[in-house]
Amino acid sequence: MKRLRNWRKRALAFALFVTLLVGYIALPISKQEFSHEKSHSIQVLDRNGRLLREVLSSEFASSRPVSLKEIPPMLIQATIATEDKHFYTHFGIDFGALLRALWQNAKAMKVVSGASTITQQTARLMLGVERGFFSKLYVMLYALRLEAHWSKEEILSAYLNRVPFGNQCFGIGAASEFYFQKSPSQLTLAECALLAGLPQSPTTYDPLRRFDLARKRQEEALRRMRANGFISEAEERDALAQPINFAETKRAFHAPHFVEYVLKQSLPSDAKKIITTLDLDLQEACEQLVKSHLQRLKRHRVTNAALVVMDNRTGEILAMVGSADYFNAEIDGQYNVATGLRQPGSALKPFTYALSLEGDYTPATLLPDLPVPFQIQGRYDESSEMGVEMFFPQNFDKKFHGAVRLREALACSYNITAVKVLEHIGVEQLYNWLKRLDFTTLNQEAKFYGLGLTLGNSDVRLLEMVRAYSVFARSGKMIPESALKAILTLNGDTVKTPTTEQTIKEIFSPQVAFLIADILNDNAARRASFGANSVLRFPFAVACKTGTTKDYRDNWTFGASEDFTVGVWSGNSNNEPMRSISGVDGAGGLMHDVMMLLSERFPERSGFHKTNFDMPHGICVHRICPISGELEGEACNATIEEKFIVGKEPKRRCTFHKRFRIDVRNGLFATDLTPREFMREKVFIDYPTLYREWAESQHKELPPRMFSTIESDSLRVADVAQARSNIEILFPKSGMTFALDGTLRAEFQRLLFSASAPPAVEKVQWKLNGEVIGECAPNEKISWQLRAGTFELEANAGALKSPTIQFTVLK
């Protein structure tokens, strides 16, 4: 009775085991979950279909899934002959082969034979399990499930698309392309036999390193094919006689920074091929230009450069060089400077000037390039009682240029005038406009940057700067940069990228965009700073702008033609300063060569046949005085043409050039008493009070200060122009706040007061809180030692008095 109960328990346990086994085998297998497409690799192509790089799958292997229809029958036959000749007759496990393998292995006391079927190998590849006893049991059970739910063709397809063929190639599609650069359907019998023999041991039979072993394995595959009736003896001989010609097997690795930039985009998970906007021929030419220019710049301690080329019509990136050498660790070559953070120097100035032209300024507006201090807003905590920081910008040439027209100020990249313009339009407005241009690096509030924003105290990205400069060549419209043309998915669909029309944003009016482009294309206007024949001069219209940061850490040059925008950065990735080299000398030459290269490669583009940008509707041309910026006057000895937005042209004639009657005996103003034979009419430039001190320092010929008299030998002082009879305090300005520095000795903390006065004034008397503190000539400054308090300051000369200004000095 007890034996019966034990037997029943065993029978029940066996029945339960069989039930569970059958239940497990009956569980369906999701084809979607184990689709080989999930581990596919991605091909990144240039705009002409040339391979830039194949990005390895999650298994770090090249994988290109193909359908069973694309695989030639002789490859399937070779695979079955070498791996599993009973594939079509067993149900997942070949028990005869299993028993044979056990006997052979036991006899040899080591593993000399295997019995895994194609189904078992497919199961192991799908499950990703390691080899081992329990793993083998799991794989065998899963193989039974596969046979129960999948057809033989589906199993074979999964196997051929997953099995490793060596050299990081998973699947027959990748192997065929890597070894022979052809699709599986184009393989010969000899090539099919060679590839079919590799999966047994891809490393041992690696045909690139051990061709003799691979060849023997190929012979074995052909022998087995003949033995199984797949080929004839004659076909076997022919296949053995065929030479094996491997393709160039170096994996493509072009435009590495650009490819990495593309792969960071939002891509569909089933992307198979990414067709990009890059022009590989142009990219390689640009890479060579970068290297050759860096050779020339070695003596200036320049080790790295980056550039971006954009098509203005579409926003497509045609070339992106992120560093001089991707594999050079000394220059941090893998860091993409094209998308990295650097300071732009003067390269942001055109956007400041563009905003002023949107307002009340014109290209002829006169700007003071003088030693004027600016108050930096927002850079202190008022509760700490610290003083306002005073900002004294300097030009790159360390000179002051006096009265400068806006066109010259921008073309010559003067710093002081740019700050003056920003002070006029407001930092907040420039900040907001740069945000509209989609600069992603302005992470602080506008007051953090202050007036220094126009001089480049923020971080920028080269790619975003190129996009922003292209606005001037696109009539003020911005198109986001594009790196993708199309994406092909595994199921054959094509994913469309957004069209240009969907993403256009108007930043500036067409008239303002034209004026900025025209100024930056004006070789005559920039001659004072860059010379007549700099690298910024082209035989066609190019809006050029340079930038150099403090201590020569960054060089920039941008060029925007009608068709293309080129941006170049040069410097050192470790932020080491270069040796006294400006943007035009550092990055300018490279930008010039790239733009000329574009003109050679795209001669059909119309922009390369124009010396000026097309003038839009709403622009008019007038002749003006180049000194005053006003309409030409009868006394002007030279005039130039200037472009204006209709309605903003100047209304008055030149007030700078004036005719005066001069007594030739002493060069003073003639009077009614001056004899006619000693009287001559002469034209002078009569600068306004603001510019008179600068004009005198530059030894300009100014109108005399005195009248000539005949009654006696004495001279009387007279006011040349009663309209200019006031005294004006130039520094400090009313409302300024200063602070005493506790770390400095008192005698070193001083302010220099300065004022402008009519020509007849010889001495200016200074009063502080009603007390005289000294006097000086109008073109001189008086020094005053700082002390805490609130003060009222005025400057007097006899009956002439300046408006009283107030300033504060904090402890």
# chains A, B, ... in the order shown; residues from 1 in each chain; ligands from 1
>>> residues_around(residues="A:Val308", least_positions_apart="3", cutoff="10 Å", atoms="only C-alpha atoms", output="ChimeraX atom specification")
/A:258,283,286,317-322,338-339,462-467,558,565-569,591,594
>>> residues_around(residues="stretch 64-80 of chain A", least_positions_apart="4", cutoff="7 Å", atoms="only C-alpha atoms", output="MDAnalysis selection string")
chainID A and resid 37 40:41 84:85 87 157 161 171 173:174 184:185 189 192:193 196 221 225 230
>>> closest_residue(among="A:Asp397, A:Glu649, A:Asp279, A:Glu728", to="A:Pro688", atoms="only C-alpha atoms")
A:Glu728
>>> residues_around(residues="A:Ser470", least_positions_apart="3", cutoff="9 Å", atoms="only C-alpha atoms", output="CSV table (one decimal) with C-alpha atoms, in the first residue's frame")
chain,number,residue,atom,x,y,z
A,310,MET,CA,25.5,77.0,-43.2
A,311,ASP,CA,23.3,77.2,-46.3
A,312,ASN,CA,21.3,80.4,-45.9
A,315,GLY,CA,19.6,76.6,-42.6
A,465,MET,CA,26.3,82.6,-33.8
A,466,VAL,CA,26.4,81.3,-37.4
A,467,ARG,CA,22.6,81.0,-37.3
A,473,ALA,CA,21.6,87.7,-45.4
A,474,ARG,CA,18.0,86.5,-45.1
A,476,GLY,CA,16.0,89.7,-41.2
A,477,LYS,CA,14.4,86.2,-41.1
A,478,MET,CA,15.8,83.4,-38.9
A,479,ILE,CA,15.7,79.7,-39.9
A,559,GLY,CA,31.1,85.9,-43.0
A,560,ALA,CA,27.6,86.0,-44.5
A,561,SER,CA,27.2,86.0,-48.2
A,562,GLU,CA,23.8,85.9,-49.9
A,564,PHE,CA,26.2,80.9,-47.2
A,565,THR,CA,27.2,81.9,-43.7
A,566,VAL,CA,30.6,80.8,-42.4
>>> select_by_dssp(residues="stretch 459-493 of chain A", states="strand (DSSP E or B)", output="ChimeraX atom specification")
/A:460,477-478,482,484-489
>>> write_last_selection(atoms="C-alpha atoms", output="PDB file, in the first residue's frame")
ATOM      1  CA  VAL A 460      27.901  81.807 -26.889  1.00  0.00           C
ATOM      2  CA  LYS A 477      14.391  86.223 -41.061  1.00  0.00           C
ATOM      3  CA  MET A 478      15.779  83.401 -38.938  1.00  0.00           C
ATOM      4  CA  SER A 482      19.190  71.809 -39.662  1.00  0.00           C
ATOM      5  CA  LEU A 484      18.873  66.197 -41.004  1.00  0.00           C
ATOM      6  CA  LYS A 485      17.412  65.745 -44.475  1.00  0.00           C
ATOM      7  CA  ALA A 486      15.580  62.465 -43.979  1.00  0.00           C
ATOM      8  CA  ILE A 487      15.432  59.433 -41.718  1.00  0.00           C
ATOM      9  CA  LEU A 488      14.767  55.942 -43.086  1.00  0.00           C
ATOM     10  CA  THR A 489      13.238  53.475 -40.646  1.00  0.00           C
TER      11      THR A 489
END
>>> select_by_dssp(residues="stretch 542-648 of chain A", states="helix (DSSP H, G or I)", output="list in words")
Lys550, Asp551, Tyr552, Gly583, Val584, Asp585, Gly586, Gly588, Gly589, Leu590, Met591, His592, Asp593, Val594, Met595, Met596, Leu597, Leu598, Ser599, Glu600, Arg601, Ser606, Gly607, Phe608 and His609 of chain A
>>> atom_distance(atom1="atom CA of A:Asp46", atom2="atom CA of A:Phe439")
26.9 Å
